[in-house]
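Notes for the one structure printed next.
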Amino acid sequence: MSDITERKKLEDVLVLGKKEWEETFDLINDAITIHDKDFNILRANKAATEMLGQSFKDIIGQKCHQMYHGSASPPEGCASCLAFQTGMPSTIETFEPQLNKFLEIKAFPQVDENNQFFRLVHVIRDITERKRKEEELEKSLNSLQAVSDSINAGVYVADMESYEVLLINKYTRDTFGDIRGKKCWETIQKGQTGPCSFCSNSKLIGTDGTLSDTYIWEFQNSVNSRWYECHDKAIRWIDGRLVKLEIAIDITDRKKMEYELLKLQKLESVGTLAAGIAHDFNNLLQAIMGNISLAKSYLKPDDTIFEMLNNAEEASVEAKELSFRLLTFSKGGAPVRRTASVENILRRSVGLSLSGSNASCALVLPDDLYPVEIDEGQVIQVFNNILINAREAMPRGGTVTIRATNIFISEGDPIPLKAGDYVRVSLQDSGIGIPKENLSKIFDPYFTTKDMPDQRGSGLGLSISLSIMKKHGGHISVESQEGTGSTFHVFFPALRETPAAEKAQEVQLKDLSQKRLLFMDDDERIRILMTAMMDLLGYAVACVKDGEEAIALYRQAKESGKTFSAVILDLTIPGSMGGNEVLKRLLEIDPRVKAIISSGYADDPIMKEYREYGFVDAIAKPYKMEQLKELLDALFSSSAGNQ
């Protein structure tokens with residue numbers, strides 16, 4: 001009789017191990033079935049019976065494809081077949097109608113000591129709930145995509161840790177391409193080797209971990225050079241992770257308008273200082289220029305002194321031009337506007353600016369251009385500044401092509417002008433062009449690239465031109481590409497209805513002494529000068545120093561039946577009534593009074609809109625005797641012609 005104690009102990013251990021294995025096998029939540037190489041089920045755990053809705057007895061010996069797929073033979077692409085074919089574990093996801101479930105089936109092949117397949121282990125997981133959530137997630141994403149695609153701004157969502165772009169809208173895709181799955185800093189910016197230094201992520205989460213309010217900021221994109229206003233918010237994504245939602249609104253046109261306003265503010269700040277100097281300077285120039293022109297009238301052109309005076313007068317005209325430039329910077333410097341033809345102004349400017357140069361000009365002007373209301377002297381300076389720049393940009397010669405057309409600017413147009421009719425004049429040269437880095441600076445005061453010995457550039461020409469056009473209610477813009485030339489576009493508010501053509505009238509004024517003038521100016525030197533000028537021109541004149549004297553003298557003349565034919569009133573009289581107030585009083589005395597306003601400082605709208613204040617004309621100081629004669633002759637010729 002042999003001792004089997006050890007064997008019994010071993011058998012007890014095996015029985016206990018089998019029992020524990022079976023209990024563990026049944027505790028696993030995923031369904032597990034074991035198959036032979038013919039797909040017969042050899043064993044199944046409790047989760048498998050529950051999933052299949054059958055007992056162990058009914059399951060054992062059944063084909064796995066019959067139990068799970070309801071088919072007589074293994075379906076194409078089943079996990080078991082794939083595992084046998086490849087010798088590697090295989091996983092599939094499938095919807096099984098007979099079970100009405102989505103299943104994830106994993107098949108693990110096992111081999112014997114001869115490396116032959118003899119068994120398969122299936123692990124089957126019910127993923128129906130996961131699939132349902134994925135479908136809901138996809139629907140949510142589709143809805144979010146549809147909403148974001150309807151927004152006329154860039155929209156994207158990026159993981160705040162990995163920077164992976166998860167969603168973009170159509171606007172963003174059209175701008176940057178399909179960047180989903182890529183890092184935002186690699187695609188929305190260029191030249192980045194890591195997250196952007198200006199990334200807003202740190203602004204979106206508080207120090208305590210709470211999500212901050214929407215962060216709004218502006219930046220210029222390095223890919224397309226456009227400006228954007230970004231609205232950024234940290235949110236929980238549909239899968240629970242923390243993401244940044246950004247809505248980027250293109251504000252490039254707004255930034256351009258802001259820049260235009262900034263340039264105007266710069267001009268005005270410089271002008272505040274310049275205007276005070278120019279006012280007094282013009283009064284001094286009036287005495288100088290007036291006396292020079294008066295002295296010339298007593299000499300013959302071949303007289304040596306005449307030539308000297310002529311040189312002095314030319315220098316005074318240059319001084320007047322300098323004063324004009326200072327006034328143009330000021331908040332004043334208002335244009336004295338009259339209805340004019342753009343074509344005539346252009347032809348005069350071309351003659352002045354391109355004469356004697358190796359540059360030619362081609363004018364392309366339609367016959368139906370709207371008339372404009374402008375200060376001819378100021379506008380000629382605008383065109384002269386542009387044409388001189390064009391000439392210097394073509395040192396070896398070339399052609400300036402000038403085109404003009406009637407256009408309508410609507411609300412929302414990027415050109416910073418009110419909606420309405422305009423005349424656009426485009427001056428295109430074939431010169432060297434403007435470097436991209438200088439293009440935004442050319443209208444800045446004192447910016448110049450003229451550093452050659454034979455070139456003189458103050459950097460004020462285009463600044464002054466822009467200021468002049470703004471004061472006319474117009475605008476200047478520029479397009480240029482280095483090496484291919486530049487095109488300046490000048491916009492003038494248009495008059496839709498062309499005034500009736502004025503008929504030329506030659507009225508012989510036989511006795512100018514019958515035309516009596518009243519002249520008011522606080523500067524005694526100018527009053528003495530005016531007396532001499534009027535005497536030489538044949539007009540009778542009475543000069544007064546202030547408004548009280550002017551009103552008293554006009555009333556006395558009216559009552560005596562010797563009314564003044566016209567009055568010339570200085571706009572500003574220190575310590576007394578200025579020209580505007582005096583005219584109001586004169587109109588009470590004589591509603592038919594003909595008044596001319598004069599000033600050395602056109603900071604008052606009266607110089608620009610003189611007719612609205614009751615004046616028949618305006619003359620800016622300093623002026624020569626010839627200019628005054630032309631104004632008076634035109635005034636009295638018109639009066640005579642209307643009688």
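A note on labels: chains of the structure tokens are A, B, ... as shown, every chain counts residues from 1, and ligands are counted from 1 in their shown order.
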
Leaving out segment 374-376 of chain A and any residue of its chain fewer than 2 positions from it, which residues lie within 9 Å of it when counting only C-alpha atoms, given as a PDB file with N, CA, C and O atoms, in the first residue's frame?
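So result.pdb came out as:
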ATOM      1  N   ALA A 334      -8.007 126.901 -44.368  1.00  0.00           N
ATOM      2  CA  ALA A 334      -9.163 126.406 -45.103  1.00  0.00           C
ATOM      3  C   ALA A 334      -9.115 126.876 -46.545  1.00  0.00           C
ATOM      4  O   ALA A 334      -8.761 128.019 -46.828  1.00  0.00           O
ATOM      5  N   PRO A 335      -9.433 125.995 -47.486  1.00  0.00           N
ATOM      6  CA  PRO A 335      -9.409 126.399 -48.897  1.00  0.00           C
ATOM      7  C   PRO A 335     -10.513 127.391 -49.222  1.00  0.00           C
ATOM      8  O   PRO A 335     -11.624 127.296 -48.703  1.00  0.00           O
ATOM      9  N   VAL A 336     -10.178 128.375 -50.040  1.00  0.00           N
ATOM     10  CA  VAL A 336     -11.183 129.300 -50.562  1.00  0.00           C
ATOM     11  C   VAL A 336     -11.644 128.712 -51.884  1.00  0.00           C
ATOM     12  O   VAL A 336     -10.965 128.817 -52.908  1.00  0.00           O
ATOM     13  N   ARG A 337     -12.798 128.085 -51.881  1.00  0.00           N
ATOM     14  CA  ARG A 337     -13.198 127.239 -53.015  1.00  0.00           C
ATOM     15  C   ARG A 337     -14.072 127.968 -54.030  1.00  0.00           C
ATOM     16  O   ARG A 337     -14.924 128.782 -53.659  1.00  0.00           O
ATOM     17  N   ARG A 338     -13.832 127.607 -55.273  1.00  0.00           N
ATOM     18  CA  ARG A 338     -14.679 128.059 -56.377  1.00  0.00           C
ATOM     19  C   ARG A 338     -14.884 126.887 -57.329  1.00  0.00           C
ATOM     20  O   ARG A 338     -14.045 125.989 -57.401  1.00  0.00           O
ATOM     21  N   THR A 339     -15.974 126.910 -58.061  1.00  0.00           N
ATOM     22  CA  THR A 339     -16.235 125.843 -59.026  1.00  0.00           C
ATOM     23  C   THR A 339     -15.177 125.877 -60.119  1.00  0.00           C
ATOM     24  O   THR A 339     -14.859 126.937 -60.670  1.00  0.00           O
ATOM     25  N   ALA A 340     -14.616 124.716 -60.414  1.00  0.00           N
ATOM     26  CA  ALA A 340     -13.507 124.666 -61.375  1.00  0.00           C
ATOM     27  C   ALA A 340     -13.547 123.362 -62.151  1.00  0.00           C
ATOM     28  O   ALA A 340     -14.237 122.407 -61.782  1.00  0.00           O
ATOM     29  N   ILE A 345      -7.136 122.408 -64.358  1.00  0.00           N
ATOM     30  CA  ILE A 345      -6.145 122.397 -63.274  1.00  0.00           C
ATOM     31  C   ILE A 345      -5.009 121.441 -63.618  1.00  0.00           C
ATOM     32  O   ILE A 345      -3.830 121.746 -63.410  1.00  0.00           O
ATOM     33  N   VAL A 372     -15.840 120.442 -59.949  1.00  0.00           N
ATOM     34  CA  VAL A 372     -15.512 120.339 -58.527  1.00  0.00           C
ATOM     35  C   VAL A 372     -15.423 121.737 -57.946  1.00  0.00           C
ATOM     36  O   VAL A 372     -15.239 122.720 -58.681  1.00  0.00           O
ATOM     37  N   GLN A 378      -4.368 125.734 -54.055  1.00  0.00           N
ATOM     38  CA  GLN A 378      -4.016 124.603 -53.206  1.00  0.00           C
ATOM     39  C   GLN A 378      -3.982 123.300 -54.003  1.00  0.00           C
ATOM     40  O   GLN A 378      -3.075 122.471 -53.831  1.00  0.00           O
ATOM     41  N   VAL A 379      -4.960 123.101 -54.863  1.00  0.00           N
ATOM     42  CA  VAL A 379      -5.030 121.848 -55.624  1.00  0.00           C
ATOM     43  C   VAL A 379      -3.888 121.752 -56.631  1.00  0.00           C
ATOM     44  O   VAL A 379      -3.331 120.668 -56.851  1.00  0.00           O
ATOM     45  N   ILE A 380      -3.515 122.866 -57.225  1.00  0.00           N
ATOM     46  CA  ILE A 380      -2.358 122.851 -58.125  1.00  0.00           C
ATOM     47  C   ILE A 380      -1.118 122.404 -57.355  1.00  0.00           C
ATOM     48  O   ILE A 380      -0.284 121.643 -57.864  1.00  0.00           O
ATOM     49  N   GLN A 381      -0.997 122.841 -56.102  1.00  0.00           N
ATOM     50  CA  GLN A 381       0.147 122.418 -55.304  1.00  0.00           C
ATOM     51  C   GLN A 381       0.111 120.906 -55.049  1.00  0.00           C
ATOM     52  O   GLN A 381       1.154 120.242 -55.058  1.00  0.00           O
ATOM     53  N   HIS A 472     -10.528 119.635 -48.329  1.00  0.00           N
ATOM     54  CA  HIS A 472     -11.472 119.726 -49.449  1.00  0.00           C
ATOM     55  C   HIS A 472     -12.545 118.644 -49.366  1.00  0.00           C
ATOM     56  O   HIS A 472     -13.391 118.532 -50.266  1.00  0.00           O
ATOM     57  N   PHE A 492     -11.836 113.967 -55.359  1.00  0.00           N
ATOM     58  CA  PHE A 492     -12.480 115.257 -55.124  1.00  0.00           C
ATOM     59  C   PHE A 492     -13.993 115.057 -55.018  1.00  0.00           C
ATOM     60  O   PHE A 492     -14.588 114.392 -55.882  1.00  0.00           O
ATOM     61  N   LYS A 608     -13.574 130.094 -46.457  1.00  0.00           N
ATOM     62  CA  LYS A 608     -13.885 128.965 -47.323  1.00  0.00           C
ATOM     63  C   LYS A 608     -15.310 129.053 -47.861  1.00  0.00           C
ATOM     64  O   LYS A 608     -15.556 128.777 -49.035  1.00  0.00           O
TER      65      LYS A 608
END

Spatial neighbours of Ser297 of chain A, 12 Å, only C-alpha atoms, chain gap at least 5 places, as a PyMOL selection string: chain A and resi 290-292+303+305-306+309-310+532-533+535-537+624-626

Using the selection just defined, write its residues with N, CA and C atoms as a PDB file, in the first residue's frame.
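Written output follows (again.pdb):
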ATOM      1  N   GLY A 290       2.798 144.241 -51.541  1.00  0.00           N
ATOM      2  CA  GLY A 290       1.978 145.321 -52.077  1.00  0.00           C
ATOM      3  C   GLY A 290       2.806 146.520 -52.489  1.00  0.00           C
ATOM      4  N   ASN A 291       3.758 146.893 -51.643  1.00  0.00           N
ATOM      5  CA  ASN A 291       4.596 148.055 -51.976  1.00  0.00           C
ATOM      6  C   ASN A 291       5.514 147.768 -53.153  1.00  0.00           C
ATOM      7  N   ILE A 292       5.994 146.520 -53.251  1.00  0.00           N
ATOM      8  CA  ILE A 292       6.839 146.167 -54.399  1.00  0.00           C
ATOM      9  C   ILE A 292       6.040 146.261 -55.696  1.00  0.00           C
ATOM     10  N   ASP A 303      13.924 149.056 -66.883  1.00  0.00           N
ATOM     11  CA  ASP A 303      14.630 149.815 -65.854  1.00  0.00           C
ATOM     12  C   ASP A 303      15.378 148.856 -64.932  1.00  0.00           C
ATOM     13  N   ILE A 305      16.104 149.192 -61.811  1.00  0.00           N
ATOM     14  CA  ILE A 305      15.399 149.072 -60.519  1.00  0.00           C
ATOM     15  C   ILE A 305      14.205 148.138 -60.651  1.00  0.00           C
ATOM     16  N   PHE A 306      13.548 148.182 -61.826  1.00  0.00           N
ATOM     17  CA  PHE A 306      12.408 147.289 -62.053  1.00  0.00           C
ATOM     18  C   PHE A 306      12.841 145.830 -61.896  1.00  0.00           C
ATOM     19  N   LEU A 309      13.338 145.048 -58.237  1.00  0.00           N
ATOM     20  CA  LEU A 309      12.046 144.886 -57.560  1.00  0.00           C
ATOM     21  C   LEU A 309      11.378 143.574 -57.962  1.00  0.00           C
ATOM     22  N   ASN A 310      11.562 143.227 -59.223  1.00  0.00           N
ATOM     23  CA  ASN A 310      10.982 141.973 -59.702  1.00  0.00           C
ATOM     24  C   ASN A 310      11.588 140.778 -58.959  1.00  0.00           C
ATOM     25  N   ALA A 532      -2.676 154.075 -51.904  1.00  0.00           N
ATOM     26  CA  ALA A 532      -1.829 154.292 -53.089  1.00  0.00           C
ATOM     27  C   ALA A 532      -2.235 153.358 -54.222  1.00  0.00           C
ATOM     28  N   MET A 533      -2.520 152.117 -53.916  1.00  0.00           N
ATOM     29  CA  MET A 533      -2.938 151.150 -54.942  1.00  0.00           C
ATOM     30  C   MET A 533      -4.224 151.597 -55.622  1.00  0.00           C
ATOM     31  N   ASP A 535      -5.567 154.505 -55.776  1.00  0.00           N
ATOM     32  CA  ASP A 535      -5.366 155.735 -56.551  1.00  0.00           C
ATOM     33  C   ASP A 535      -4.762 155.406 -57.909  1.00  0.00           C
ATOM     34  N   LEU A 536      -3.782 154.489 -57.913  1.00  0.00           N
ATOM     35  CA  LEU A 536      -3.138 154.105 -59.165  1.00  0.00           C
ATOM     36  C   LEU A 536      -4.098 153.345 -60.082  1.00  0.00           C
ATOM     37  N   LEU A 537      -4.965 152.532 -59.479  1.00  0.00           N
ATOM     38  CA  LEU A 537      -5.924 151.752 -60.273  1.00  0.00           C
ATOM     39  C   LEU A 537      -7.126 152.579 -60.722  1.00  0.00           C
ATOM     40  N   LYS A 624      -0.935 140.657 -54.533  1.00  0.00           N
ATOM     41  CA  LYS A 624      -0.318 141.725 -55.319  1.00  0.00           C
ATOM     42  C   LYS A 624      -1.413 142.646 -55.859  1.00  0.00           C
ATOM     43  N   MET A 625      -0.998 143.800 -56.329  1.00  0.00           N
ATOM     44  CA  MET A 625      -1.947 144.773 -56.872  1.00  0.00           C
ATOM     45  C   MET A 625      -2.681 144.182 -58.080  1.00  0.00           C
ATOM     46  N   GLU A 626      -1.972 143.369 -58.873  1.00  0.00           N
ATOM     47  CA  GLU A 626      -2.615 142.772 -60.044  1.00  0.00           C
ATOM     48  C   GLU A 626      -3.764 141.846 -59.640  1.00  0.00           C
TER      49      GLU A 626
END

To test your reading of the structure, identify every residue in segment 306-409 of chain A that backbone DSSP assigns to helix (DSSP H, G or I), and report it as a ChimeraX atom specification. /A:306-329,342-354,376-392

Export of the given selection (C-alpha atoms) as a PDB file, in the first residue's frame:
ATOM      1  CA  PHE A 306      12.408 147.289 -62.053  1.00  0.00           C
ATOM      2  CA  GLU A 307      14.480 144.116 -62.373  1.00  0.00           C
ATOM      3  CA  MET A 308      15.614 144.442 -58.755  1.00  0.00           C
ATOM      4  CA  LEU A 309      12.046 144.886 -57.560  1.00  0.00           C
ATOM      5  CA  ASN A 310      10.982 141.973 -59.702  1.00  0.00           C
ATOM      6  CA  ASN A 311      13.572 139.749 -57.984  1.00  0.00           C
ATOM      7  CA  ALA A 312      12.376 140.950 -54.599  1.00  0.00           C
ATOM      8  CA  GLU A 313       8.795 140.227 -55.593  1.00  0.00           C
ATOM      9  CA  GLU A 314       9.701 136.698 -56.689  1.00  0.00           C
ATOM     10  CA  ALA A 315      11.397 136.147 -53.338  1.00  0.00           C
ATOM     11  CA  SER A 316       8.244 137.413 -51.624  1.00  0.00           C
ATOM     12  CA  VAL A 317       6.164 134.966 -53.626  1.00  0.00           C
ATOM     13  CA  GLU A 318       8.417 132.140 -52.371  1.00  0.00           C
ATOM     14  CA  ALA A 319       7.970 133.465 -48.844  1.00  0.00           C
ATOM     15  CA  LYS A 320       4.227 133.465 -49.426  1.00  0.00           C
ATOM     16  CA  GLU A 321       4.483 129.837 -50.519  1.00  0.00           C
ATOM     17  CA  LEU A 322       6.319 128.968 -47.294  1.00  0.00           C
ATOM     18  CA  SER A 323       3.641 130.717 -45.276  1.00  0.00           C
ATOM     19  CA  PHE A 324       1.003 128.836 -47.198  1.00  0.00           C
ATOM     20  CA  ARG A 325       2.670 125.539 -46.327  1.00  0.00           C
ATOM     21  CA  LEU A 326       2.617 126.423 -42.650  1.00  0.00           C
ATOM     22  CA  LEU A 327      -1.052 127.377 -42.850  1.00  0.00           C
ATOM     23  CA  THR A 328      -1.897 124.140 -44.595  1.00  0.00           C
ATOM     24  CA  PHE A 329      -0.681 122.210 -41.551  1.00  0.00           C
ATOM     25  CA  VAL A 342     -10.287 119.347 -63.061  1.00  0.00           C
ATOM     26  CA  GLU A 343      -9.010 119.167 -66.635  1.00  0.00           C
ATOM     27  CA  ASN A 344      -7.902 122.803 -66.626  1.00  0.00           C
ATOM     28  CA  ILE A 345      -6.145 122.397 -63.274  1.00  0.00           C
ATOM     29  CA  LEU A 346      -4.327 119.282 -64.499  1.00  0.00           C
ATOM     30  CA  ARG A 347      -3.111 120.922 -67.695  1.00  0.00           C
ATOM     31  CA  ARG A 348      -1.742 123.881 -65.721  1.00  0.00           C
ATOM     32  CA  SER A 349      -0.030 121.563 -63.208  1.00  0.00           C
ATOM     33  CA  VAL A 350       1.590 119.443 -65.926  1.00  0.00           C
ATOM     34  CA  GLY A 351       2.954 122.566 -67.577  1.00  0.00           C
ATOM     35  CA  LEU A 352       4.419 123.807 -64.300  1.00  0.00           C
ATOM     36  CA  SER A 353       5.843 120.531 -62.984  1.00  0.00           C
ATOM     37  CA  LEU A 354       7.133 118.677 -66.042  1.00  0.00           C
ATOM     38  CA  GLU A 376      -7.259 126.211 -57.340  1.00  0.00           C
ATOM     39  CA  GLY A 377      -3.968 127.333 -55.831  1.00  0.00           C
ATOM     40  CA  GLN A 378      -4.016 124.603 -53.206  1.00  0.00           C
ATOM     41  CA  VAL A 379      -5.030 121.848 -55.624  1.00  0.00           C
ATOM     42  CA  ILE A 380      -2.358 122.851 -58.125  1.00  0.00           C
ATOM     43  CA  GLN A 381       0.147 122.418 -55.304  1.00  0.00           C
ATOM     44  CA  VAL A 382      -1.219 118.900 -54.634  1.00  0.00           C
ATOM     45  CA  PHE A 383      -0.700 117.877 -58.256  1.00  0.00           C
ATOM     46  CA  ASN A 384       2.663 119.630 -58.415  1.00  0.00           C
ATOM     47  CA  ASN A 385       3.954 117.707 -55.385  1.00  0.00           C
ATOM     48  CA  ILE A 386       2.892 114.375 -56.903  1.00  0.00           C
ATOM     49  CA  LEU A 387       4.215 115.211 -60.384  1.00  0.00           C
ATOM     50  CA  ILE A 388       7.571 116.416 -59.066  1.00  0.00           C
ATOM     51  CA  ASN A 389       7.938 113.153 -57.131  1.00  0.00           C
ATOM     52  CA  ALA A 390       7.044 111.245 -60.310  1.00  0.00           C
ATOM     53  CA  ARG A 391       9.633 113.174 -62.315  1.00  0.00           C
ATOM     54  CA  GLU A 392      12.340 112.448 -59.729  1.00  0.00           C
TER      55      GLU A 392
END

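As for atom CA of Leu137 of chain A and atom CA of Trp237 of chain A, they are spaced 10.4 Å apart.
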
Could you name the residues that touch Glu96 of chain A at 12 Å or less, counting only C-alpha atoms, but leaving out those on the same chain fewer than 2 positions away, as a PyMOL selection string? chain A and resi 51-52+65-71+75+93-94+98-105+126-128

Using only C-alpha atoms, find the one residue out of A:Thr214, A:Ser477, A:Gln286, A:Thr193 that sits nearest to Lys244 of chain A.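 Ranking A:Thr214, A:Ser477, A:Gln286, A:Thr193 by distance to Lys244 of chain A, first place goes to A:Thr214.
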
Identify, on the basis of only C-alpha atoms, every residue whose closest approach to segment 161-175 of chain A does not exceed 12 Å; exclude the query and any residue fewer than 4 positions from it along the same chain; express the result as a PyMOL selection string. chain A and resi 141-157+179-189+194-196+199-202+221+223-226+234+237-239+241-250

Residues as selected, N, CA and C atoms, written as a short mmCIF file (atom, residue, chain, number, x, y, z; two decimals), in the first residue's frame, can you do that?
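As a result, part_26.cif now contains:
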data_model
loop_
_atom_site.label_atom_id
_atom_site.label_comp_id
_atom_site.auth_asym_id
_atom_site.auth_seq_id
_atom_site.Cartn_x
_atom_site.Cartn_y
_atom_site.Cartn_z
N LEU A 141 -20.71 68.04 -33.29
CA LEU A 141 -19.64 68.62 -34.10
C LEU A 141 -20.17 69.16 -35.43
N ASN A 142 -21.07 68.40 -36.03
CA ASN A 142 -21.66 68.84 -37.31
C ASN A 142 -22.45 70.13 -37.13
N SER A 143 -23.21 70.18 -36.01
CA SER A 143 -23.98 71.40 -35.74
C SER A 143 -23.05 72.58 -35.50
N LEU A 144 -22.01 72.35 -34.69
CA LEU A 144 -21.04 73.40 -34.42
C LEU A 144 -20.34 73.84 -35.70
N GLN A 145 -20.02 72.89 -36.55
CA GLN A 145 -19.37 73.21 -37.82
C GLN A 145 -20.29 74.07 -38.69
N ALA A 146 -21.57 73.70 -38.74
CA ALA A 146 -22.52 74.46 -39.56
C ALA A 146 -22.66 75.89 -39.06
N VAL A 147 -22.73 76.04 -37.73
CA VAL A 147 -22.85 77.38 -37.16
C VAL A 147 -21.60 78.21 -37.43
N SER A 148 -20.43 77.61 -37.18
CA SER A 148 -19.18 78.35 -37.37
C SER A 148 -18.95 78.70 -38.84
N ASP A 149 -19.39 77.83 -39.75
CA ASP A 149 -19.23 78.12 -41.18
C ASP A 149 -20.05 79.32 -41.62
N SER A 150 -21.09 79.63 -40.87
CA SER A 150 -21.95 80.76 -41.24
C SER A 150 -21.40 82.09 -40.74
N ILE A 151 -20.34 82.05 -39.94
CA ILE A 151 -19.76 83.27 -39.37
C ILE A 151 -18.73 83.86 -40.33
N ASN A 152 -18.88 85.14 -40.62
CA ASN A 152 -17.96 85.80 -41.54
C ASN A 152 -16.74 86.31 -40.78
N ALA A 153 -16.06 85.39 -40.14
CA ALA A 153 -14.84 85.67 -39.38
C ALA A 153 -14.14 84.34 -39.17
N GLY A 154 -12.84 84.41 -38.84
CA GLY A 154 -12.11 83.18 -38.59
C GLY A 154 -12.51 82.55 -37.27
N VAL A 155 -12.81 81.24 -37.29
CA VAL A 155 -13.15 80.52 -36.07
C VAL A 155 -12.31 79.25 -36.02
N TYR A 156 -11.64 79.03 -34.89
CA TYR A 156 -10.94 77.76 -34.73
C TYR A 156 -10.90 77.37 -33.27
N VAL A 157 -10.76 76.05 -33.03
CA VAL A 157 -10.66 75.49 -31.68
C VAL A 157 -9.35 74.71 -31.62
N ILE A 179 -6.21 73.07 -41.71
CA ILE A 179 -5.13 72.95 -40.72
C ILE A 179 -5.54 72.06 -39.54
N ARG A 180 -6.67 71.36 -39.66
CA ARG A 180 -7.10 70.47 -38.58
C ARG A 180 -6.05 69.38 -38.35
N GLY A 181 -5.79 69.11 -37.07
CA GLY A 181 -4.81 68.09 -36.72
C GLY A 181 -3.39 68.63 -36.64
N LYS A 182 -3.20 69.88 -37.08
CA LYS A 182 -1.88 70.49 -37.02
C LYS A 182 -1.81 71.46 -35.84
N LYS A 183 -0.62 71.87 -35.50
CA LYS A 183 -0.46 72.81 -34.39
C LYS A 183 -0.74 74.22 -34.89
N CYS A 184 -1.46 74.98 -34.07
CA CYS A 184 -1.88 76.32 -34.51
C CYS A 184 -0.69 77.22 -34.80
N TRP A 185 0.36 77.14 -33.97
CA TRP A 185 1.49 78.05 -34.17
C TRP A 185 2.31 77.71 -35.41
N GLU A 186 2.14 76.50 -35.95
CA GLU A 186 2.85 76.11 -37.16
C GLU A 186 2.12 76.56 -38.43
N THR A 187 0.82 76.79 -38.31
CA THR A 187 0.00 77.01 -39.50
C THR A 187 -0.61 78.40 -39.58
N ILE A 188 -1.06 78.93 -38.45
CA ILE A 188 -1.71 80.25 -38.47
C ILE A 188 -0.66 81.36 -38.45
N GLN A 189 0.54 81.05 -37.98
CA GLN A 189 1.67 81.98 -38.03
C GLN A 189 2.77 81.34 -38.88
N GLY A 194 7.99 77.27 -32.00
CA GLY A 194 7.26 76.82 -30.82
C GLY A 194 6.05 77.71 -30.63
N PRO A 195 5.32 77.51 -29.54
CA PRO A 195 4.14 78.35 -29.30
C PRO A 195 4.47 79.84 -29.37
N CYS A 196 3.55 80.62 -29.90
CA CYS A 196 3.76 82.06 -30.10
C CYS A 196 4.00 82.76 -28.76
N CYS A 199 0.85 84.23 -27.39
CA CYS A 199 -0.30 83.32 -27.25
C CYS A 199 -1.17 83.75 -26.07
N SER A 200 -2.47 83.71 -26.26
CA SER A 200 -3.40 84.20 -25.23
C SER A 200 -3.78 83.14 -24.21
N ASN A 201 -3.26 81.91 -24.32
CA ASN A 201 -3.69 80.84 -23.41
C ASN A 201 -3.58 81.22 -21.94
N SER A 202 -2.48 81.89 -21.58
CA SER A 202 -2.27 82.25 -20.18
C SER A 202 -3.29 83.27 -19.68
N ASN A 221 -1.46 89.34 -38.60
CA ASN A 221 -1.06 87.98 -38.94
C ASN A 221 0.15 87.98 -39.85
N VAL A 223 1.13 85.55 -41.80
CA VAL A 223 0.94 84.78 -43.03
C VAL A 223 0.38 85.67 -44.14
N ASN A 224 -0.68 86.44 -43.82
CA ASN A 224 -1.32 87.26 -44.86
C ASN A 224 -1.25 88.76 -44.58
N SER A 225 -0.55 89.15 -43.49
CA SER A 225 -0.34 90.57 -43.13
C SER A 225 -1.64 91.31 -42.85
N ARG A 226 -2.74 90.61 -42.58
CA ARG A 226 -4.01 91.26 -42.25
C ARG A 226 -4.11 91.44 -40.75
N ALA A 234 -11.55 80.19 -23.09
CA ALA A 234 -11.26 78.80 -22.74
C ALA A 234 -12.58 78.10 -22.41
N TRP A 237 -14.22 71.15 -24.04
CA TRP A 237 -14.61 70.58 -25.33
C TRP A 237 -15.59 69.44 -25.09
N ILE A 238 -16.19 68.96 -26.15
CA ILE A 238 -17.22 67.94 -26.02
C ILE A 238 -16.68 66.62 -25.47
N ASP A 239 -15.35 66.45 -25.53
CA ASP A 239 -14.77 65.24 -24.94
C ASP A 239 -14.17 65.52 -23.56
N ARG A 241 -11.86 67.82 -22.61
CA ARG A 241 -10.57 68.49 -22.50
C ARG A 241 -10.72 70.00 -22.60
N LEU A 242 -9.71 70.74 -22.14
CA LEU A 242 -9.73 72.18 -22.14
C LEU A 242 -9.19 72.70 -23.47
N VAL A 243 -9.98 73.55 -24.14
CA VAL A 243 -9.58 74.07 -25.45
C VAL A 243 -9.78 75.58 -25.49
N LYS A 244 -9.14 76.19 -26.49
CA LYS A 244 -9.34 77.63 -26.73
C LYS A 244 -10.21 77.79 -27.97
N LEU A 245 -11.28 78.56 -27.81
CA LEU A 245 -12.13 78.93 -28.94
C LEU A 245 -11.77 80.37 -29.31
N GLU A 246 -11.39 80.58 -30.57
CA GLU A 246 -11.03 81.93 -31.02
C GLU A 246 -11.89 82.33 -32.21
N ILE A 247 -12.43 83.54 -32.13
CA ILE A 247 -13.14 84.16 -33.25
C ILE A 247 -12.32 85.38 -33.64
N ALA A 248 -11.79 85.38 -34.87
CA ALA A 248 -10.89 86.44 -35.34
C ALA A 248 -11.59 87.25 -36.42
N ILE A 249 -11.86 88.52 -36.14
CA ILE A 249 -12.57 89.41 -37.07
C ILE A 249 -11.54 90.26 -37.82
N ASP A 250 -11.62 90.26 -39.12
CA ASP A 250 -10.68 91.03 -39.95
C ASP A 250 -10.97 92.53 -39.81
#

Figure out the distance between atom CA of Glu588 of chain A and atom CA of Ala557 of chain A, please, to one decimal in Å.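 About the pair atom CA of Ala557 of chain A and atom CA of Glu588 of chain A: they are 14.3 Å apart.
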
For Ser599 of chain A, the closest of A:Met520, A:Ile41, A:Leu583, A:Ile205 counting only C-alpha atoms is A:Met520

Determine, counting only C-alpha atoms, which protein, DNA and RNA residues have an atom within 12 Å of an atom of segment 111-124 of chain A; residues of the same chain fewer than 3 positions away are not included. Present the result as a PyMOL selection string. chain A and resi 25+28-45+47-52+64-65+68+78-94+101-108+127-128
